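Below is one structure, written out as structure tokens; comments come after it.
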Amino acid sequence: MIEKKHLDTSYLISKTTNIFDIEDEACADYVARFKSSKKFIAAFRKSYDFLLAYHGTNIDENEALVIKSHGLKIASIEMLTSKAGMRFIKETDDEMLKEKILNSISEFYSTKDHITVGEINFTLDKDPLQGEAYQYLLFGPESMLPLADSLNKDFNINFRRRMADFGIPTIVKVHVPLTDIKNCWLEGIFEYINHGWVESCVVIRANVPPVNVLALERVERPCDKYGFLGI
């Protein structure tokens, strides 16, 4: 069994701060009172300061320390390039192969548009991370999978496997300020609770400071029931 490790900074959030937890019955009841999404969003912004949210990833100890000390950073080309190098190159690779992989990574990020750059993705419901949305815990940055598949074609190596083997599946628990959340994501909360929308996700275009990182929970590697590793 993997030992679960937590960094708890919840004491740094004022007790008078209103935090929305989608799994809390009182919070769900609050949303269910509204029939109009517009009225809900206006009232919600006055009632709550933060969303309790979860970010699923696959990271090593060094990356975990960075999150603890500097918080969660929005994705950048530089960050993705660095993470790709750490995941896709092994110490046992010969120097020529290392150089070729590095060149392919640089070319990939310099010639294509990447929709997740400048963003951080969260779910408000923790359970899907260890269920239907397990790919985040298995691989880490989902946006890196097209690169893994491209490298696979070029070098005949399963780079998805290298991604999965790189770190430890980790759920990062955070408080996301309402000021960083667009109305479309709050409308998603309304639809999720009142009309059975399939997802309760939130995307922000801002860094999450370390004071808002509540815990890093190391979890078991999920079973690859959909065969993502072999694609």
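We name chains A, B, ... following the order of the structure tokens; residues begin at 1 in each chain, and ligands are numbered from 1 as shown.
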For the structure I just gave you, how does DSSP split stretch 9-203 of chain A - specifically, which residues are helix (DSSP H, G or I)? Reply as number ranges by chain. A: 10-12, 25-32, 37-47, 61-70, 77-88, 95-111, 127-130, 135-139, 142-155, 159-166, 178-180, 183-195
Stretch 2-117 of chain A near stretch 150-158 of chain A within 12 Å: what's each residue's closest atom pair and its distance in Å to one decimal, counting only C-alpha atoms, ordered by chain then ascending residue number, as CSV?
residue,atom,partner,partner_atom,distance
A:Ala84,CA,A:Leu151,CA,10.9
A:Gly85,CA,A:Leu151,CA,11.8
A:Arg87,CA,A:Asn158,CA,11.7
A:Phe88,CA,A:Leu151,CA,8.9
A:Ile89,CA,A:Ile157,CA,10.9
A:Lys90,CA,A:Ile157,CA,11.7
A:Asp93,CA,A:Ile157,CA,11.3
A:Leu97,CA,A:Phe155,CA,8.8
A:Lys98,CA,A:Phe155,CA,11.1
A:Lys100,CA,A:Phe155,CA,9.2
A:Ile101,CA,A:Leu151,CA,7.5
A:Leu102,CA,A:Leu151,CA,10.3
A:Asn103,CA,A:Leu151,CA,10.7
A:Ser104,CA,A:Leu151,CA,7.4
A:Ile105,CA,A:Leu151,CA,8.3
A:Ser106,CA,A:Leu151,CA,11.7
A:Glu107,CA,A:Ser150,CA,11.2
A:Phe108,CA,A:Ser150,CA,8.7
A:Tyr109,CA,A:Ser150,CA,11.9
Excluding A:Pro177 and residues on its chain fewer than 6 positions from it, collect all residues at most 9 Å away from it, counting only C-alpha atoms, and give them as a count of residues only. 5
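Note that the spacing between atom CA of A:Asn58 and atom CA of A:Ile22 amounts to 24.0 Å.
The closest residue to A:Leu129, picked from A:Tyr54, A:Phe40, A:Phe34, A:Tyr48 and counting only C-alpha atoms, is A:Tyr54.
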DSSP says strand (DSSP E or B) for which residues of stretch 12-193 of chain A? Put them as a PyMOL selection string? chain A and resi 19-20+50-59+72+120-123+168-177
Residue nearest A:Val172 - candidates A:Glu63, A:Glu217, A:Asp113, A:Glu132, atoms counted: only C-alpha atoms: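 Of the candidates, the smallest distance to A:Val172 is held by A:Glu217.
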Exercise: A:Gly230 partners within 12 Å, only C-alpha atoms, chain neighbours under 5 positions left out, as number ranges by chain: A: 145, 148-149, 152, 157-162, 164, 224-225
Give me the residues near stretch 188-197 of chain A as number ranges by chain, where near means some atom within 8 Å (using only C-alpha atoms) and where sequence neighbours in that chain fewer than 6 positions away do not count. A: 28, 31-32, 37, 40
Return the single residue from A:His114, A:Ala75, A:Leu124, A:Asp165 that is closest to A:Pro146, with distances computed using only C-alpha atoms. A:His114
Give me the residues near A:Ile171 as a PyMOL selection string, where near means some atom within 7 Å (using only C-alpha atoms) and where sequence neighbours in that chain fewer than 4 positions away do not count. chain A and resi 54-57+216-218
As a PyMOL selection string, please: the residues near A:Asp180 (cut-off 10 Å, only C-alpha atoms, same-chain neighbours under 3 positions excluded). chain A and resi 50+176-177+183+203-208
Generate the output file for the selected residues, C-alpha atoms, as a compact mmCIF listing (two decimals), in the first residue's frame.
# COMPACT_ATOMS: atom_id res chain seq x y z
CA PHE A 50 -14.02 29.80 -2.45
CA VAL A 176 -10.19 28.15 -5.61
CA PRO A 177 -11.19 31.82 -5.20
CA ASN A 183 -19.69 32.41 -14.77
CA VAL A 203 -11.07 25.66 -15.34
CA ILE A 204 -9.19 28.74 -14.17
CA ARG A 205 -6.57 30.91 -15.82
CA ALA A 206 -4.72 31.90 -12.64
CA ASN A 207 -2.15 30.38 -10.32
CA VAL A 208 -3.26 28.83 -7.02
